[in-house]
$ cat query36.pdb   # PDB, C-alpha atoms
ATOM      1  CA  MET G  85       0.000   0.000   0.000
ATOM      2  CA  VAL G  86       1.223   3.511  -0.808
ATOM      3  CA  TYR G  87      -0.029   6.385   1.333
ATOM      4  CA  LEU G  88      -0.070   9.954   0.050
ATOM      5  CA  SER G  89      -1.501  12.943   1.885
ATOM      6  CA  ALA G  90      -4.214  14.976   0.197
ATOM      7  CA  GLN G  91      -1.928  17.990   0.532
ATOM      8  CA  ASP G  92       0.886  16.267  -1.391
ATOM      9  CA  TYR G  93      -1.608  15.018  -3.979
ATOM     10  CA  GLU G  94      -2.767  18.599  -4.536
ATOM     11  CA  LYS G  95       0.860  19.700  -4.769
ATOM     12  CA  ILE G  96       1.461  17.230  -7.614
ATOM     13  CA  VAL G  97      -1.743  18.170  -9.431
ATOM     14  CA  ALA G  98      -1.075  21.908  -9.135
ATOM     15  CA  HIS G  99       2.477  21.574 -10.445
ATOM     16  CA  ALA G 100       1.372  19.319 -13.308
ATOM     17  CA  LYS G 101      -1.394  21.713 -14.341
ATOM     18  CA  LYS G 102       0.966  24.671 -14.121
ATOM     19  CA  ASN G 103       3.344  22.928 -16.524
ATOM     20  CA  LEU G 104       0.753  22.019 -19.148
ATOM     21  CA  PRO G 105       1.074  21.283 -21.999
ATOM     22  CA  GLU G 106       4.413  19.772 -20.942
ATOM     23  CA  GLU G 107       4.801  16.684 -18.808
ATOM     24  CA  ALA G 108       5.721  17.495 -15.217
ATOM     25  CA  CYS G 109       7.784  15.299 -12.931
ATOM     26  CA  GLY G 110       9.378  14.898  -9.556
ATOM     27  CA  LEU G 111      10.394  12.540  -6.794
ATOM     28  CA  ILE G 112       8.641  11.054  -3.799
ATOM     29  CA  ALA G 113      10.261  10.240  -0.478
ATOM     30  CA  GLY G 114       9.100   8.929   2.824
ATOM     31  CA  VAL G 115       9.320   5.927   5.081
ATOM     32  CA  ILE G 116       8.822   2.224   4.533
ATOM     33  CA  ASP G 117       6.807   0.353   7.142
ATOM     34  CA  GLY G 118       6.697  -3.335   6.303
ATOM     35  CA  GLU G 119       4.829  -3.602   3.016
ATOM     36  CA  ASP G 120       3.662   0.005   3.172
ATOM     37  CA  LYS G 121       5.273   3.081   1.683
ATOM     38  CA  ILE G 122       4.275   6.321   3.345
ATOM     39  CA  VAL G 123       5.049   9.413   1.283
ATOM     40  CA  LYS G 124       6.225  12.269   3.474
ATOM     41  CA  GLU G 125       7.710  14.582   0.884
ATOM     42  CA  VAL G 126       6.974  15.332  -2.752
ATOM     43  CA  TYR G 127       9.667  17.022  -4.831
ATOM     44  CA  LEU G 128       8.809  19.091  -7.882
ATOM     45  CA  LEU G 129      11.624  18.853 -10.409
ATOM     46  CA  GLU G 130      12.221  20.313 -13.827
ATOM     47  CA  ASN G 131      11.392  18.230 -16.878
ATOM     48  CA  THR G 132      14.574  18.857 -18.813
ATOM     49  CA  ASP G 133      12.901  17.557 -21.988
ATOM     50  CA  HIS G 134      10.253  20.325 -21.810
ATOM     51  CA  SER G 135       7.995  18.088 -23.841
ATOM     52  CA  ASN G 136       4.367  17.010 -23.763
ATOM     53  CA  GLU G 137       5.455  13.455 -24.633
ATOM     54  CA  HIS G 138       8.633  12.844 -22.622
ATOM     55  CA  PHE G 139      10.252  13.659 -19.332
ATOM     56  CA  THR G 140      13.736  13.449 -17.866
ATOM     57  CA  LEU G 141      14.728  14.450 -14.364
ATOM     58  CA  ASP G 142      17.741  16.697 -13.941
ATOM     59  CA  PRO G 143      20.452  14.645 -12.127
ATOM     60  CA  LYS G 144      21.640  17.723 -10.244
ATOM     61  CA  GLU G 145      18.146  18.349  -8.922
ATOM     62  CA  GLN G 146      17.858  14.645  -8.147
ATOM     63  CA  LEU G 147      21.029  14.802  -6.077
ATOM     64  CA  ALA G 148      19.813  17.879  -4.197
ATOM     65  CA  ALA G 149      16.507  16.131  -3.470
ATOM     66  CA  VAL G 150      18.231  12.956  -2.274
ATOM     67  CA  LYS G 151      20.424  14.985   0.077
ATOM     68  CA  ASP G 152      17.351  16.773   1.406
ATOM     69  CA  MET G 153      15.695  13.391   2.002
ATOM     70  CA  ARG G 154      18.691  12.232   4.030
ATOM     71  CA  THR G 155      18.635  15.316   6.244
ATOM     72  CA  LYS G 156      14.944  14.674   6.916
ATOM     73  CA  GLY G 157      15.468  10.988   7.662
ATOM     74  CA  LEU G 158      13.498   9.920   4.601
ATOM     75  CA  VAL G 159      14.261   7.375   1.916
ATOM     76  CA  PRO G 160      13.649   7.679  -1.830
ATOM     77  CA  LEU G 161      10.401   5.915  -2.719
ATOM     78  CA  GLY G 162      10.207   6.610  -6.446
ATOM     79  CA  ASN G 163       9.099   9.277  -8.822
ATOM     80  CA  TRP G 164       5.986  10.813 -10.308
ATOM     81  CA  HIS G 165       5.206  12.326 -13.686
ATOM     82  CA  SER G 166       2.183  13.564 -15.557
ATOM     83  CA  HIS G 167       0.559  12.409 -18.773
ATOM     84  CA  PRO G 168      -1.092  15.530 -20.196
ATOM     85  CA  GLU G 169      -2.868  13.664 -22.974
ATOM     86  CA  SER G 170      -2.862   9.976 -22.056
ATOM     87  CA  PRO G 171      -4.179   7.689 -19.320
ATOM     88  CA  SER G 172      -2.601   7.029 -15.938
ATOM     89  CA  ARG G 173      -0.637   3.913 -16.843
ATOM     90  CA  PRO G 174       3.011   3.296 -17.756
ATOM     91  CA  SER G 175       3.676   3.734 -21.461
ATOM     92  CA  GLU G 176       6.077   1.417 -23.241
ATOM     93  CA  GLU G 177       8.768   4.056 -22.821
ATOM     94  CA  ASP G 178       7.937   4.422 -19.121
ATOM     95  CA  LYS G 179       8.403   0.670 -18.675
ATOM     96  CA  ARG G 180      11.602   0.562 -20.686
ATOM     97  CA  LEU G 181      13.067   3.343 -18.552
ATOM     98  CA  SER G 182      11.945   2.030 -15.165
ATOM     99  CA  PHE G 183      15.391   1.002 -13.993
ATOM    100  CA  ASP G 184      14.664   0.725 -10.290
ATOM    101  CA  SER G 185      12.475  -2.262  -9.507
ATOM    102  CA  LYS G 186      12.105  -1.119  -5.887
ATOM    103  CA  ALA G 187      10.637   2.244  -6.883
ATOM    104  CA  SER G 188       7.028   3.336  -7.035
ATOM    105  CA  TYR G 189       6.171   5.098 -10.262
ATOM    106  CA  MET G 190       3.255   7.484  -9.885
ATOM    107  CA  ILE G 191       1.525   8.723 -13.011
ATOM    108  CA  LEU G 192      -0.977  11.562 -13.045
ATOM    109  CA  SER G 193      -3.293  11.721 -16.045
ATOM    110  CA  LEU G 194      -4.594  15.134 -17.009
ATOM    111  CA  MET G 195      -6.568  13.964 -20.018
ATOM    112  CA  ASP G 196      -9.447  15.643 -18.252
ATOM    113  CA  PRO G 197      -7.798  18.411 -16.233
ATOM    114  CA  ALA G 198     -10.954  18.798 -14.188
ATOM    115  CA  ALA G 199     -10.736  15.164 -13.106
ATOM    116  CA  PRO G 200      -7.067  14.193 -12.620
ATOM    117  CA  VAL G 201      -6.287  10.498 -12.128
ATOM    118  CA  LEU G 202      -3.249   9.432 -10.106
ATOM    119  CA  ASN G 203      -2.073   5.840  -9.903
ATOM    120  CA  SER G 204       1.073   4.224  -8.556
ATOM    121  CA  PHE G 205       2.881   1.351 -10.220
ATOM    122  CA  HIS G 206       5.646  -1.118  -9.581
ATOM    123  CA  VAL G 207       7.608  -2.322 -12.612
ATOM    124  CA  GLU G 208       9.651  -5.526 -12.618
ATOM    125  CA  GLU G 209      12.323  -6.216 -15.199
ATOM    126  CA  ARG G 210      11.291  -3.068 -17.052
ATOM    127  CA  GLN G 211       8.179  -4.726 -18.420
ATOM    128  CA  PHE G 212       5.940  -6.350 -15.805
ATOM    129  CA  VAL G 213       3.635  -3.738 -14.313
ATOM    130  CA  THR G 214       1.709  -4.056 -11.066
ATOM    131  CA  LYS G 215      -0.680  -1.350  -9.945
ATOM    132  CA  GLU G 216      -0.059  -0.499  -6.305
ATOM    133  CA  GLU G 217      -2.880   0.286  -3.943
ATOM    134  CA  LEU G 218      -2.722   4.038  -3.454
ATOM    135  CA  VAL G 219      -4.443   5.704  -0.536
ATOM    136  CA  ILE G 220      -4.862   9.478  -0.699
ATOM    137  CA  LYS G 221      -6.129  11.091   2.462
TER     138      LYS G 221
ATOM    139  CA  MET T 689      38.642   2.568   4.640
ATOM    140  CA  LYS T 690      35.304   4.082   5.573
ATOM    141  CA  ILE T 691      33.059   5.554   2.908
ATOM    142  CA  THR T 692      29.397   6.517   2.867
ATOM    143  CA  VAL T 693      27.215   4.905   0.223
ATOM    144  CA  ALA T 694      23.714   6.235  -0.248
ATOM    145  CA  GLY T 695      23.804   7.663   3.246
ATOM    146  CA  ILE T 696      25.105   4.504   4.927
ATOM    147  CA  ALA T 697      28.632   4.261   6.370
ATOM    148  CA  LYS T 698      30.494   1.237   5.032
ATOM    149  CA  GLU T 699      33.915  -0.324   5.228
ATOM    150  CA  TYR T 700      35.691  -1.159   1.985
ATOM    151  CA  PRO T 701      39.302  -2.024   1.107
ATOM    152  CA  GLN T 702      41.648   0.646  -0.183
ATOM    153  CA  GLY T 703      41.949   0.961  -3.950
ATOM    154  CA  LEU T 704      38.230   0.436  -4.556
ATOM    155  CA  THR T 705      37.100   1.725  -7.939
ATOM    156  CA  VAL T 706      33.627   3.046  -8.694
ATOM    157  CA  ARG T 707      33.086   0.025 -10.950
ATOM    158  CA  LYS T 708      33.946  -2.403  -8.118
ATOM    159  CA  LEU T 709      31.693  -0.504  -5.738
ATOM    160  CA  ILE T 710      28.791  -0.739  -8.183
ATOM    161  CA  GLU T 711      29.346  -4.500  -8.382
ATOM    162  CA  SER T 712      29.677  -4.891  -4.616
ATOM    163  CA  GLU T 713      26.508  -2.913  -3.987
ATOM    164  CA  ASN T 714      24.569  -4.983  -6.544
ATOM    165  CA  VAL T 715      23.356  -1.861  -8.301
ATOM    166  CA  GLU T 716      20.592  -2.663 -10.771
ATOM    167  CA  THR T 717      21.104  -1.672 -14.414
ATOM    168  CA  PRO T 718      24.427   0.068 -13.691
ATOM    169  CA  GLU T 719      24.614   1.351 -17.252
ATOM    170  CA  TYR T 720      21.766   3.721 -16.349
ATOM    171  CA  VAL T 721      23.093   4.889 -13.019
ATOM    172  CA  THR T 722      24.758   8.224 -12.414
ATOM    173  CA  VAL T 723      27.374   8.262  -9.671
ATOM    174  CA  THR T 724      28.430  11.193  -7.552
ATOM    175  CA  ILE T 725      31.389  11.369  -5.184
ATOM    176  CA  ASN T 726      31.221  14.246  -2.728
ATOM    177  CA  ASP T 727      28.593  15.858  -4.998
ATOM    178  CA  ASP T 728      30.809  15.644  -8.101
ATOM    179  CA  PHE T 729      29.397  13.674 -11.007
ATOM    180  CA  VAL T 730      31.594  10.841 -12.294
ATOM    181  CA  GLU T 731      31.540  10.204 -16.030
ATOM    182  CA  SER T 732      30.468   6.627 -16.740
ATOM    183  CA  GLY T 733      33.608   6.199 -18.842
ATOM    184  CA  ALA T 734      35.666   6.846 -15.717
ATOM    185  CA  PHE T 735      34.078   4.196 -13.477
ATOM    186  CA  ASP T 736      37.055   1.848 -13.930
ATOM    187  CA  SER T 737      39.701   4.476 -13.337
ATOM    188  CA  THR T 738      38.129   6.427 -10.483
ATOM    189  CA  VAL T 739      39.425   5.223  -7.118
ATOM    190  CA  LEU T 740      37.539   6.035  -3.946
ATOM    191  CA  ASN T 741      39.210   7.561  -0.929
ATOM    192  CA  GLU T 742      38.658   7.431   2.814
ATOM    193  CA  GLY T 743      35.630   9.501   3.818
ATOM    194  CA  ASP T 744      34.118   9.746   0.343
ATOM    195  CA  ASN T 745      30.377  10.188   0.096
ATOM    196  CA  VAL T 746      28.894   8.251  -2.821
ATOM    197  CA  GLU T 747      25.414   8.452  -4.260
ATOM    198  CA  PHE T 748      23.826   6.350  -6.992
ATOM    199  CA  LEU T 749      21.157   8.144  -9.003
ATOM    200  CA  TYR T 750      18.989   6.217 -11.398
ATOM    201  CA  PHE T 751      18.197   7.785 -14.706
ATOM    202  CA  MET T 752      14.576   8.810 -14.394
ATOM    203  CA  GLY T 753      12.578   9.545 -17.464
ATOM    204  CA  GLY T 754       9.806   8.297 -19.650
ATOM    205  CA  GLY T 755       7.206   9.259 -22.151
ATOM    206  CA  ARG T 756       3.580   8.880 -22.944
TER     207      ARG T 756
END
$ encode --input "query36.pdb" --output "structure tokens"
Amino acid sequence: MVYLSAQDYEKIVAHAKKNLPEEACGLIAGVIDGEDKIVKEVYLLENTDHSNEHFTLDPKEQLAAVKDMRTKGLVPLGNWHSHPESPSRPSEEDKRLSFDSKASYMILSLMDPAAPVLNSFHVEERQFVTKEELVIK
Amino acid sequence: MKITVAGIAKEYPQGLTVRKLIESENVETPEYVTVTINDDFVESGAFDSTVLNEGDNVEFLYFMGGGR
């Protein structure tokens, strides 16, 4: 189970909408409690591709975020990105580039900006996708 | 020697290269991992020749990207 606060959910949605028509992206960090991942911090990073079809995180921003996580006693849990024009599910490119099998990959669909859809996924061997149970409250 | 890897203090023998550290740490898909030592980015072509020193702080950053 992945837990995300409503406040952090709104933070992701606001940043993604602000960056339309481009994809937006960032990192999530928190604590792991048994099988549960509890998101405590959402990082808003630049999409260096500045594209509506692709995203890439800036390694320098990634490093700064990871260092911030360490000072707060948090661990990296994964990343998030938006799909401005497609559903909330990993694309073939998303799967191919999911190099960390321990990570949660959150995808926010803004196909209907008035009704955003956020899901979290686990990807094994860069192809086998499992939808994680995501609790937003 | 003592180094810190992803925030965890570890003991490794002297002369350890970045490549050997990646192998020892069982890093997944190392060809897509960016390595920093004391906040400096190490070129992937220098993994074999870069030797770690006592007190170094190493981070592994996965390439993160995708597309619709």
$ residues_near_point --input "query36.pdb" --point "(6.8, 10.8, -23.7)" --cutoff "9 Å" --atoms "all atoms listed in the file" --output "list in words"
Glu107, Ser135, Asn136, Glu137, His138, Phe139, His167, Ser175, Glu177 and Asp178 of chain G; Gly753, Gly754, Gly755 and Arg756 of chain T
$ closest_atom_pairs --input "query36.pdb" --of "chain G" --to "chain T" --cutoff "9 Å" --atoms "all atoms listed in the file" --output "JSON lines"
{"residue": "G:Glu107", "atom": "CA", "partner": "T:Gly755", "partner_atom": "CA", "distance": 8.5}
{"residue": "G:Cys109", "atom": "CA", "partner": "T:Gly753", "partner_atom": "CA", "distance": 8.8}
{"residue": "G:Asn131", "atom": "CA", "partner": "T:Gly753", "partner_atom": "CA", "distance": 8.8}
{"residue": "G:Asn136", "atom": "CA", "partner": "T:Arg756", "partner_atom": "CA", "distance": 8.2}
{"residue": "G:Glu137", "atom": "CA", "partner": "T:Gly755", "partner_atom": "CA", "distance": 5.2}
{"residue": "G:His138", "atom": "CA", "partner": "T:Gly755", "partner_atom": "CA", "distance": 3.9}
{"residue": "G:Phe139", "atom": "CA", "partner": "T:Gly753", "partner_atom": "CA", "distance": 5.1}
{"residue": "G:Thr140", "atom": "CA", "partner": "T:Gly753", "partner_atom": "CA", "distance": 4.1}
{"residue": "G:Leu141", "atom": "CA", "partner": "T:Met752", "partner_atom": "CA", "distance": 5.6}
{"residue": "G:Asp142", "atom": "CA", "partner": "T:Met752", "partner_atom": "CA", "distance": 8.5}
{"residue": "G:Pro143", "atom": "CA", "partner": "T:Leu749", "partner_atom": "CA", "distance": 7.2}
{"residue": "G:Lys144", "atom": "CA", "partner": "T:Phe729", "partner_atom": "CA", "distance": 8.8}
{"residue": "G:Gln146", "atom": "CA", "partner": "T:Leu749", "partner_atom": "CA", "distance": 7.3}
{"residue": "G:Leu147", "atom": "CA", "partner": "T:Leu749", "partner_atom": "CA", "distance": 7.3}
{"residue": "G:Val150", "atom": "CA", "partner": "T:Glu747", "partner_atom": "CA", "distance": 8.7}
{"residue": "G:Lys151", "atom": "CA", "partner": "T:Gly695", "partner_atom": "CA", "distance": 8.7}
{"residue": "G:Arg154", "atom": "CA", "partner": "T:Gly695", "partner_atom": "CA", "distance": 6.9}
{"residue": "G:Asn163", "atom": "CA", "partner": "T:Met752", "partner_atom": "CA", "distance": 7.8}
{"residue": "G:His165", "atom": "CA", "partner": "T:Gly754", "partner_atom": "CA", "distance": 8.5}
{"residue": "G:Ser166", "atom": "CA", "partner": "T:Arg756", "partner_atom": "CA", "distance": 8.9}
{"residue": "G:His167", "atom": "CA", "partner": "T:Arg756", "partner_atom": "CA", "distance": 6.2}
{"residue": "G:Pro168", "atom": "CA", "partner": "T:Arg756", "partner_atom": "CA", "distance": 8.6}
{"residue": "G:Glu169", "atom": "CA", "partner": "T:Arg756", "partner_atom": "CA", "distance": 8.0}
{"residue": "G:Ser170", "atom": "CA", "partner": "T:Arg756", "partner_atom": "CA", "distance": 6.6}
{"residue": "G:Pro171", "atom": "CA", "partner": "T:Arg756", "partner_atom": "CA", "distance": 8.6}
{"residue": "G:Arg173", "atom": "CA", "partner": "T:Arg756", "partner_atom": "CA", "distance": 8.9}
{"residue": "G:Pro174", "atom": "CA", "partner": "T:Arg756", "partner_atom": "CA", "distance": 7.6}
{"residue": "G:Ser175", "atom": "CA", "partner": "T:Arg756", "partner_atom": "CA", "distance": 5.4}
{"residue": "G:Glu176", "atom": "CA", "partner": "T:Arg756", "partner_atom": "CA", "distance": 7.9}
{"residue": "G:Glu177", "atom": "CA", "partner": "T:Gly754", "partner_atom": "CA", "distance": 5.4}
{"residue": "G:Asp178", "atom": "CA", "partner": "T:Gly754", "partner_atom": "CA", "distance": 4.3}
{"residue": "G:Lys179", "atom": "CA", "partner": "T:Gly754", "partner_atom": "CA", "distance": 7.8}
{"residue": "G:Arg180", "atom": "CA", "partner": "T:Gly754", "partner_atom": "CA", "distance": 8.0}
{"residue": "G:Leu181", "atom": "CA", "partner": "T:Gly754", "partner_atom": "CA", "distance": 6.0}
{"residue": "G:Ser182", "atom": "CA", "partner": "T:Met752", "partner_atom": "CA", "distance": 7.3}
{"residue": "G:Phe183", "atom": "CA", "partner": "T:Thr717", "partner_atom": "CA", "distance": 6.3}
{"residue": "G:Asp184", "atom": "CA", "partner": "T:Glu716", "partner_atom": "CA", "distance": 6.8}
{"residue": "G:Ser185", "atom": "CA", "partner": "T:Glu716", "partner_atom": "CA", "distance": 8.2}
$ atom_distance --input "query36.pdb" --atom1 "atom CA of Ala98 of chain G" --atom2 "atom CA of Leu161 of chain G"
20.7 Å
$ residues_around --input "query36.pdb" --residues "Tyr93 of chain G" --least-positions-apart "2" --cutoff "12 Å" --atoms "only C-alpha atoms" --output "number ranges by chain"
G: 87-91, 95-100, 112, 123-128, 164, 190-192, 200-203, 218-221
$ closest_residue --input "query36.pdb" --among "T:Met689, T:Ala697, T:Ile725, T:Val706" --to "Thr738 of chain T" --atoms "all atoms listed in the file"
T:Val706
$ resolve_selection --input "query36.pdb" --expression "the PyMOL selection byres ((chain T and resi 743) around 10)" --output "PyMOL selection string"
chain T and resi 689-692+697-698+726+740-742+744-746
$ residues_around --input "query36.pdb" --residues "Asp120 of chain G" --least-positions-apart "5" --cutoff "9 Å" --atoms "all atoms listed in the file" --output "list of chain:residue names"
G:Met85, G:Val86, G:Tyr87, G:Val115
$ resolve_selection --input "query36.pdb" --expression "the PyMOL selection byres ((chain G and resi 158) around 7)" --output "ChimeraX atom specification"
/G:113-115,153-154,156-157,159-160
$ atom_distance --input "query36.pdb" --atom1 "atom CA of His206 of chain G" --atom2 "atom CA of Tyr189 of chain G"
6.3 Å
$ atom_distance --input "query36.pdb" --atom1 "atom CA of Ser732 of chain T" --atom2 "atom CA of Asp133 of chain G"
21.3 Å
$ axis_aligned_box --input "query36.pdb" --around "segment 162-174 of chain G" --padding-each-side "8 Å" --output "lines of an AutoDock Vina configuration file"
center_x = 3.0
center_y = 9.4
center_z = -14.7
size_x = 30.4
size_y = 28.2
size_z = 32.5
